[in-house]
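With compact mmCIF, C-alpha atoms inside, this is final28.txt:
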# COMPACT_ATOMS: atom_id res chain seq x y z
CA ASP A 1 17.74 -8.03 -34.43
CA ALA A 2 16.03 -6.68 -37.56
CA GLN A 3 13.22 -7.71 -39.88
CA VAL A 4 13.71 -7.20 -43.63
CA GLN A 5 10.79 -6.81 -46.06
CA LEU A 6 10.92 -6.37 -49.87
CA PRO A 7 7.79 -4.48 -51.01
CA GLY A 8 8.41 -5.27 -54.68
CA GLU A 9 7.31 -8.44 -56.49
CA GLY A 10 9.44 -11.31 -57.73
CA TRP A 11 11.54 -11.79 -54.61
CA GLU A 12 11.94 -15.17 -52.94
CA ARG A 13 13.70 -16.01 -49.68
CA ASP A 14 16.61 -18.41 -50.04
CA GLU A 15 17.21 -20.79 -47.14
CA PRO A 16 20.40 -22.77 -47.91
CA SER A 17 21.17 -25.74 -45.68
CA GLY A 18 24.15 -25.54 -43.33
CA GLN A 19 24.03 -21.77 -42.98
CA THR A 20 25.77 -20.82 -39.74
CA GLU A 21 25.45 -17.03 -39.77
CA ALA A 22 22.28 -15.26 -38.67
CA ARG A 23 21.48 -13.66 -42.04
CA GLU A 24 18.73 -13.72 -44.63
CA THR A 25 19.13 -14.13 -48.40
CA TYR A 26 16.59 -13.12 -51.07
CA LEU A 27 16.69 -14.02 -54.80
CA SER A 28 14.98 -12.42 -57.82
CA ARG A 29 14.63 -13.76 -61.38
CA SER A 30 14.63 -10.23 -62.77
CA PHE A 31 17.30 -7.56 -62.66
CA PRO A 32 15.69 -4.48 -61.06
CA SER A 33 17.68 -1.25 -61.24
CA VAL A 34 16.34 -0.07 -57.84
CA VAL A 35 15.67 -2.26 -54.83
CA ASP A 36 13.34 -1.01 -52.07
CA LEU A 37 14.03 -2.39 -48.59
CA LEU A 38 11.87 -2.03 -45.48
CA ILE A 39 14.00 -2.76 -42.40
CA THR A 40 12.36 -2.87 -38.96
CA ARG A 41 14.47 -3.06 -35.82
CA LEU A 42 13.21 -5.58 -33.29
CA ASP A 43 13.29 -4.86 -29.55
CA ARG A 44 14.24 -8.16 -27.93
CA ARG A 45 14.72 -6.81 -24.43
CA ARG A 46 13.05 -8.77 -21.65
CA LYS A 47 9.82 -7.54 -20.15
CA THR A 48 10.13 -4.98 -17.38
CA SER A 49 8.95 -5.77 -13.87
CA THR A 50 8.34 -4.05 -10.54
CA ALA A 51 8.25 -5.74 -7.13
CA VAL A 52 7.40 -4.20 -3.76
CA LEU A 53 9.92 -5.43 -1.19
CA GLN A 54 8.68 -3.44 1.83
CA ALA A 55 5.75 -1.16 2.56
CA TRP A 56 4.85 1.12 5.46
CA LEU A 57 1.48 2.85 5.61
CA GLN A 58 0.72 5.54 8.18
CA THR A 59 -2.84 6.85 8.50
CA TRP A 60 -3.91 9.89 10.57
CA LEU A 61 -7.63 10.26 11.27
CA GLY A 62 -8.74 13.75 12.26
CA PRO A 63 -12.08 15.44 12.90
CA THR A 64 -12.68 16.35 9.22
CA ARG A 65 -9.67 15.04 7.21
CA ARG A 66 -7.76 11.83 6.78
CA ARG A 67 -4.10 11.93 5.78
CA ASP A 68 -1.96 9.01 4.63
CA ARG A 69 1.75 8.55 4.18
CA ALA A 70 2.55 5.48 2.08
CA VAL A 71 6.17 4.38 1.69
CA PHE A 72 7.17 1.62 -0.75
CA ARG A 73 10.62 0.11 -1.31
CA VAL A 74 10.44 -1.20 -4.87
CA LEU A 75 12.80 -3.18 -7.09
CA THR A 76 12.28 -2.24 -10.73
CA ASP A 77 14.00 -1.94 -14.10
CA GLU A 78 11.39 0.41 -15.56
CA ASP A 79 11.92 4.08 -16.34
CA ARG A 80 8.72 5.18 -14.56
CA ILE A 81 6.30 4.08 -11.84
CA GLN A 82 2.56 4.63 -12.00
CA VAL A 83 0.60 5.11 -8.77
CA ARG A 84 -3.05 5.70 -7.97
CA PRO A 85 -4.46 7.16 -4.73
CA ALA A 86 -7.26 5.58 -2.73
CA ASP A 87 -10.84 6.23 -3.80
CA GLY A 88 -11.81 9.81 -3.02
CA ALA A 89 -8.26 10.79 -2.04
CA GLN A 90 -5.91 13.30 -3.67
CA ILE A 91 -2.14 12.99 -3.87
CA GLU A 92 -0.45 15.98 -2.22
CA HIS A 93 3.17 15.27 -3.13
CA VAL A 94 5.60 12.42 -3.77
CA MET A 95 9.23 11.83 -2.82
CA LEU A 96 11.63 9.52 -4.64
CA ASP A 97 14.70 8.41 -2.68
CA ALA A 98 14.14 11.21 -0.12
CA ARG A 99 13.79 13.90 -2.84
CA ARG A 100 10.59 15.61 -3.83
CA VAL A 101 9.71 15.01 -7.49
CA SER A 102 7.27 16.47 -10.01
CA LEU A 103 4.37 14.34 -11.16
CA GLY A 104 2.77 13.55 -14.50
CA LYS A 105 -0.46 11.93 -15.71
CA ASN A 106 -1.06 9.23 -18.28
CA ALA A 107 -4.15 8.49 -20.37
CA ALA A 108 -5.63 6.30 -17.61
CA SER A 109 -5.30 9.08 -14.98
CA TRP A 110 -2.50 7.23 -13.16
CA THR A 111 0.12 9.48 -11.56
CA GLU A 112 3.52 8.86 -13.13
CA ILE A 113 6.89 9.12 -11.38
CA ALA A 114 9.94 9.25 -13.63
CA LEU A 115 12.90 7.07 -12.58
CA PRO A 116 16.57 7.19 -13.57
CA ARG A 117 17.31 4.90 -16.50
CA ASN A 118 19.14 1.69 -15.55
CA SER A 119 19.92 -1.45 -17.49
CA ALA A 120 19.62 -3.61 -14.36
CA PRO A 121 16.90 -3.66 -11.68
CA ARG A 122 17.44 -1.11 -8.93
CA GLU A 123 15.81 -0.36 -5.59
CA HIS A 124 13.95 2.90 -5.00
CA VAL A 125 12.00 4.30 -2.04
CA VAL A 126 8.73 5.95 -3.09
CA GLU A 127 6.86 8.09 -0.54
CA ILE A 128 3.30 9.21 -1.27
CA TRP A 129 1.20 11.68 0.75
CA GLN A 130 -2.54 11.68 0.13
CA SER A 131 -5.53 13.24 1.90
CA SER A 132 -9.30 12.78 1.79
CA PRO A 133 -12.41 13.95 3.66
CA TRP A 134 -13.21 12.12 6.89
CA ARG A 135 -16.34 12.36 9.02
CA GLN A 136 -15.86 11.67 12.71
CA SER A 137 -18.74 10.03 14.60
CA SER A 138 -19.40 8.15 17.85
CA VAL A 139 -18.92 4.68 16.34
CA VAL A 140 -17.72 4.13 12.79
CA ARG A 141 -16.61 1.09 10.82
CA THR A 142 -14.64 1.72 7.68
CA ALA A 143 -12.17 0.20 5.22
CA LEU A 144 -9.01 2.27 4.84
CA GLN A 145 -7.55 1.97 1.34
CA SER A 146 -3.90 2.47 0.47
CA PRO A 147 -2.36 3.96 -2.69
CA ARG A 148 -1.48 1.39 -5.33
CA ILE A 149 1.50 0.92 -7.64
CA GLN A 150 0.50 -0.43 -11.03
CA GLY A 151 1.78 -3.86 -11.93
CA THR A 152 2.43 -5.05 -8.37
CA SER A 153 0.29 -7.08 -5.97
CA TRP A 154 2.56 -9.08 -3.67
CA THR A 155 4.49 -7.41 -0.85
CA LYS A 156 7.01 -9.29 1.27
CA ARG A 157 6.46 -7.21 4.43
CA VAL A 158 3.88 -4.56 5.30
CA TYR A 159 3.47 -2.36 8.37
CA TRP A 160 0.27 -0.33 8.73
CA GLU A 161 0.14 2.31 11.46
CA VAL A 162 -3.12 4.04 12.46
CA VAL A 163 -3.14 7.27 14.49
CA LEU A 164 -6.50 8.23 16.03
CA PRO A 165 -7.72 11.41 17.73
CA ALA A 166 -7.15 11.63 21.47
CA ASP A 167 -10.80 10.86 22.31
CA GLN A 168 -11.08 7.72 20.13
CA CYS A 169 -9.90 4.12 20.39
CA LEU A 170 -9.91 0.98 18.27
CA LEU A 171 -12.68 -1.51 19.06
CA TRP A 172 -11.03 -4.63 17.62
CA PRO A 173 -7.98 -5.40 15.44
CA PRO A 174 -8.45 -5.81 11.67
CA ALA A 175 -8.69 -9.29 10.23
CA GLY A 176 -5.74 -10.62 8.26
CA LEU A 177 -3.11 -8.49 10.03
CA THR A 178 -1.05 -9.16 13.14
CA PRO A 179 -1.06 -6.57 15.95
CA GLU A 180 2.45 -5.32 16.71
CA MET A 181 1.67 -3.99 20.20
CA LYS A 182 3.00 -4.33 23.74
CA TRP A 183 1.73 -3.39 27.20
CA GLN A 184 3.44 -0.27 28.55
CA ARG A 185 2.97 1.83 31.68
CA HIS A 186 1.71 5.34 30.97
CA GLY A 187 1.34 7.37 34.16
CA LEU A 188 -1.12 5.61 36.43
CA TRP A 189 -2.44 3.45 33.59
CA VAL A 190 -1.17 0.51 31.55
CA GLU A 191 -1.93 0.64 27.83
CA ARG A 192 -0.89 -1.04 24.61
CA ARG A 193 1.68 0.79 22.52
CA PRO A 194 3.32 -0.10 19.16
CA THR A 195 6.55 -2.08 19.28
CA LEU A 196 8.07 0.28 16.68
CA ASP A 197 7.75 4.05 16.52
CA ALA A 198 7.73 6.22 13.41
CA THR A 199 11.48 6.87 13.50
CA GLU A 200 12.28 3.16 13.67
CA LEU A 201 9.91 2.43 10.78
CA GLU A 202 11.56 5.16 8.70
CA GLN A 203 14.95 3.55 9.32
CA TRP A 204 13.58 0.09 8.55
CA ILE A 205 12.33 1.05 5.10
CA GLY A 206 14.84 3.82 4.31
CA ALA A 207 12.32 6.70 4.20
CA SER A 208 12.98 10.38 4.77
CA HIS A 209 12.74 11.65 8.32
CA GLN A 210 9.50 13.48 9.02
CA GLU A 211 7.83 14.86 12.12
CA ALA A 212 6.30 12.00 14.10
CA PRO A 213 2.74 12.06 15.47
CA SER A 214 2.31 13.21 19.05
CA ALA A 215 3.07 10.50 21.60
CA SER A 216 -0.17 11.36 23.41
CA LEU A 217 -2.34 10.21 20.49
CA PRO A 218 -3.59 6.61 20.31
CA ARG A 219 -1.39 4.66 17.87
CA TYR A 220 -1.92 1.13 16.57
CA LEU A 221 0.54 -0.89 14.48
CA PHE A 222 -0.23 -3.99 12.41
CA SER A 223 1.91 -6.14 10.14
CA GLY A 224 1.32 -8.57 7.32
CA PHE A 225 2.44 -9.66 3.88
CA GLY A 226 0.95 -10.28 0.46
CA ASP A 227 -1.70 -8.12 -1.14
CA VAL A 228 -2.68 -5.62 1.59
CA GLU A 229 -4.90 -3.08 -0.18
CA SER A 230 -7.26 -2.10 2.64
CA LEU A 231 -7.63 -2.23 6.41
CA ASP A 232 -11.08 -2.93 7.89
CA MET A 233 -11.41 -1.29 11.28
CA ALA A 234 -13.99 0.00 13.76
CA VAL A 235 -13.29 2.97 16.02
CA SER A 236 -15.37 4.65 18.70
CA ARG A 237 -15.25 7.68 20.95
CA ARG A 238 -14.17 6.87 24.49
CA TRP A 239 -17.26 8.43 26.05
CA ALA A 240 -19.48 6.19 23.90
CA ILE A 241 -17.70 3.08 25.22
CA VAL A 242 -17.97 4.33 28.83
CA LEU A 243 -21.66 5.12 28.31
CA LEU A 244 -22.34 1.66 26.87
CA LEU A 245 -20.53 -0.18 29.66
CA SER A 246 -22.09 1.99 32.35
CA GLY A 247 -25.55 1.46 30.91
CA GLY A 248 -25.02 -2.30 30.83
CA ALA A 249 -23.83 -2.35 34.44
CA LEU A 250 -26.77 -0.20 35.53
CA GLY A 251 -29.22 -2.46 33.70
CA CYS A 252 -27.81 -5.58 35.38
CA GLY A 253 -28.05 -3.89 38.79
CA LEU A 254 -31.67 -2.90 38.28
CA LEU A 255 -32.55 -6.46 37.23
CA LEU A 256 -31.02 -7.84 40.41
CA ILE A 257 -32.89 -5.29 42.56
CA TYR A 258 -36.38 -5.40 41.04
CA PHE A 259 -36.51 -9.03 39.83
CA PRO A 260 -35.67 -11.44 42.67
CA VAL A 261 -35.61 -14.41 40.32
CA CYS A 262 -32.42 -12.96 38.80
CA ARG A 263 -30.73 -13.41 42.20
CA HIS A 264 -31.34 -17.16 42.20
CA PRO A 265 -28.05 -19.14 42.43
CA ALA A 266 -28.90 -21.16 39.33
CA VAL A 267 -29.52 -18.00 37.27
CA LEU A 268 -26.27 -16.46 38.50
CA PHE A 269 -24.38 -19.69 37.76
CA PHE A 270 -25.63 -20.02 34.17
CA GLY A 271 -25.16 -16.29 33.63
CA GLY A 272 -21.54 -16.55 34.71
CA VAL A 273 -20.95 -19.59 32.50
CA ALA A 274 -22.49 -17.84 29.49
CA ALA A 275 -20.36 -14.76 30.06

Render the structure in this file as structure tokens.
Amino acid sequence: DAQVQLPGEGWERDEPSGQTEARETYLSRSFPSVVDLLITRLDRRRKTSTAVLQAWLQTWLGPTRRRDRAVFRVLTDEDRIQVRPADGAQIEHVMLDARRVSLGKNAASWTEIALPRNSAPREHVVEIWQSSPWRQSSVVRTALQSPRIQGTSWTKRVYWEVVLPADQCLLWPPAGLTPEMKWQRHGLWVERRPTLDATELEQWIGASHQEAPSASLPRYLFSGFGDVESLDMAVSRRWAIVLLLSGGALGCGLLLIYFPVCRHPAVLFFGGVAA
């Protein structure tokens, strides 16, 4: 596991046949009184690797701020993990195996998390809190980005939970992810609720227990696998949806009242088929 170099002149490497030992032999025709050797130790350890086994992303959207909690269960043999927040976001703090840790920076501005040294791969749970500005409007379509761990792309199982303000709702589910929702009675209404709550997701991934979002807030849960870096979604205020539907119903009623041709059976038939 070493490389030997002879800086002086007149040395030749001898390679006898049938040599069984892992050694090198050098010969010289002169008889130097001093021999200079340059010995370099070679590091033949295998390349390090990091794999994300599970991931849970929880996003709160507020009137002026967005806050994310990203939890990753990783399998690694490295002595540090490098993470980067989403564009425009700032990392607030990080926990490693349910303990808050101090952070460092490398030359590429990646946040570094030191890990205990191990000769064999070991599982760790990394929890990242980040926040960023968020502008609330009547209807908004956006792509939510998650923090990234350098050197990883494939995730076996991902849950992404979105918590909206009380006066907003999701217009349609994001593409590429499966809704994990069920119909549940809530007072006089029936609404869709996630199949897993925050406490169950913490137990699933092995994260620390934190205060869960209020049960009165709209919550949406999606699952997937692979490279899930962002979530494309469209949200709207509830009053904007009511106003749009009410305006459409009023417009249809006025057409039926003031334009008799719209009340013709053929028009009603083709309108119903098209709808």

If you take only C-alpha atoms and a cut-off of 12 Å, which residues of segment 93-162 of chain A touch segment 57-62 of chain A, and what are their nearest atom pairs and distances in Å to one decimal, in chain and number order, as a Markdown table?
| residue | atom | partner | partner_atom | distance |
| --- | --- | --- | --- | --- |
| A:Val126 | CA | A:Leu57 | CA | 11.7 |
| A:Glu127 | CA | A:Leu57 | CA | 9.7 |
| A:Ile128 | CA | A:Leu57 | CA | 9.5 |
| A:Trp129 | CA | A:Gln58 | CA | 9.7 |
| A:Gln130 | CA | A:Thr59 | CA | 9.7 |
| A:Ser131 | CA | A:Trp60 | CA | 9.4 |
| A:Ser132 | CA | A:Leu61 | CA | 10.0 |
| A:Pro133 | CA | A:Gly62 | CA | 9.4 |
| A:Trp134 | CA | A:Gly62 | CA | 7.2 |
| A:Arg135 | CA | A:Gly62 | CA | 8.4 |
| A:Gln136 | CA | A:Gly62 | CA | 7.4 |
| A:Ser137 | CA | A:Gly62 | CA | 10.9 |
| A:Val140 | CA | A:Leu61 | CA | 11.9 |
| A:Thr142 | CA | A:Leu61 | CA | 11.6 |
| A:Ala143 | CA | A:Thr59 | CA | 11.9 |
| A:Leu144 | CA | A:Thr59 | CA | 8.5 |
| A:Gln145 | CA | A:Thr59 | CA | 9.9 |
| A:Ser146 | CA | A:Leu57 | CA | 7.5 |
| A:Pro147 | CA | A:Leu57 | CA | 9.2 |
| A:Arg148 | CA | A:Leu57 | CA | 11.4 |
| A:Arg157 | CA | A:Leu57 | CA | 11.3 |
| A:Val158 | CA | A:Leu57 | CA | 7.8 |
| A:Tyr159 | CA | A:Leu57 | CA | 6.2 |
| A:Trp160 | CA | A:Leu57 | CA | 4.6 |
| A:Glu161 | CA | A:Gln58 | CA | 4.6 |
| A:Val162 | CA | A:Thr59 | CA | 4.9 |

For this session: Provide the atom CA of Gly88 of chain A to atom CA of Pro165 of chain A distance in Å, to one decimal place.
Result: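 We find that atom CA of Gly88 of chain A and atom CA of Pro165 of chain A lie 21.2 Å from each other.
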
Report as a Markdown table the residues of segment 203-242 of chain A within 9 Å of segment 64-81 of chain A, each with its shortest atom pair and distance in Å (one decimal), using all atoms listed in the file, ordered by chain and increasing residue number.
| residue | atom | partner | partner_atom | distance |
| --- | --- | --- | --- | --- |
| A:Ile205 | CA | A:Arg73 | CA | 6.7 |
| A:Gly206 | CA | A:Arg73 | CA | 7.9 |
| A:Ala207 | CA | A:Val71 | CA | 7.0 |

Seminar exercise, completed: Of A:Leu256, A:Leu115, A:Ala215, A:Ala234, the one nearest to His186 of chain A when counting only C-alpha atoms is A:Ala215

Exercise. Taking only C-alpha atoms into account, which of A:Pro218, A:Pro116, A:Pro213, A:Pro121 comes nearest Arg237 of chain A?
Worked result: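 Nearest candidate to Arg237 of chain A out of A:Pro218, A:Pro116, A:Pro213, A:Pro121: A:Pro218.
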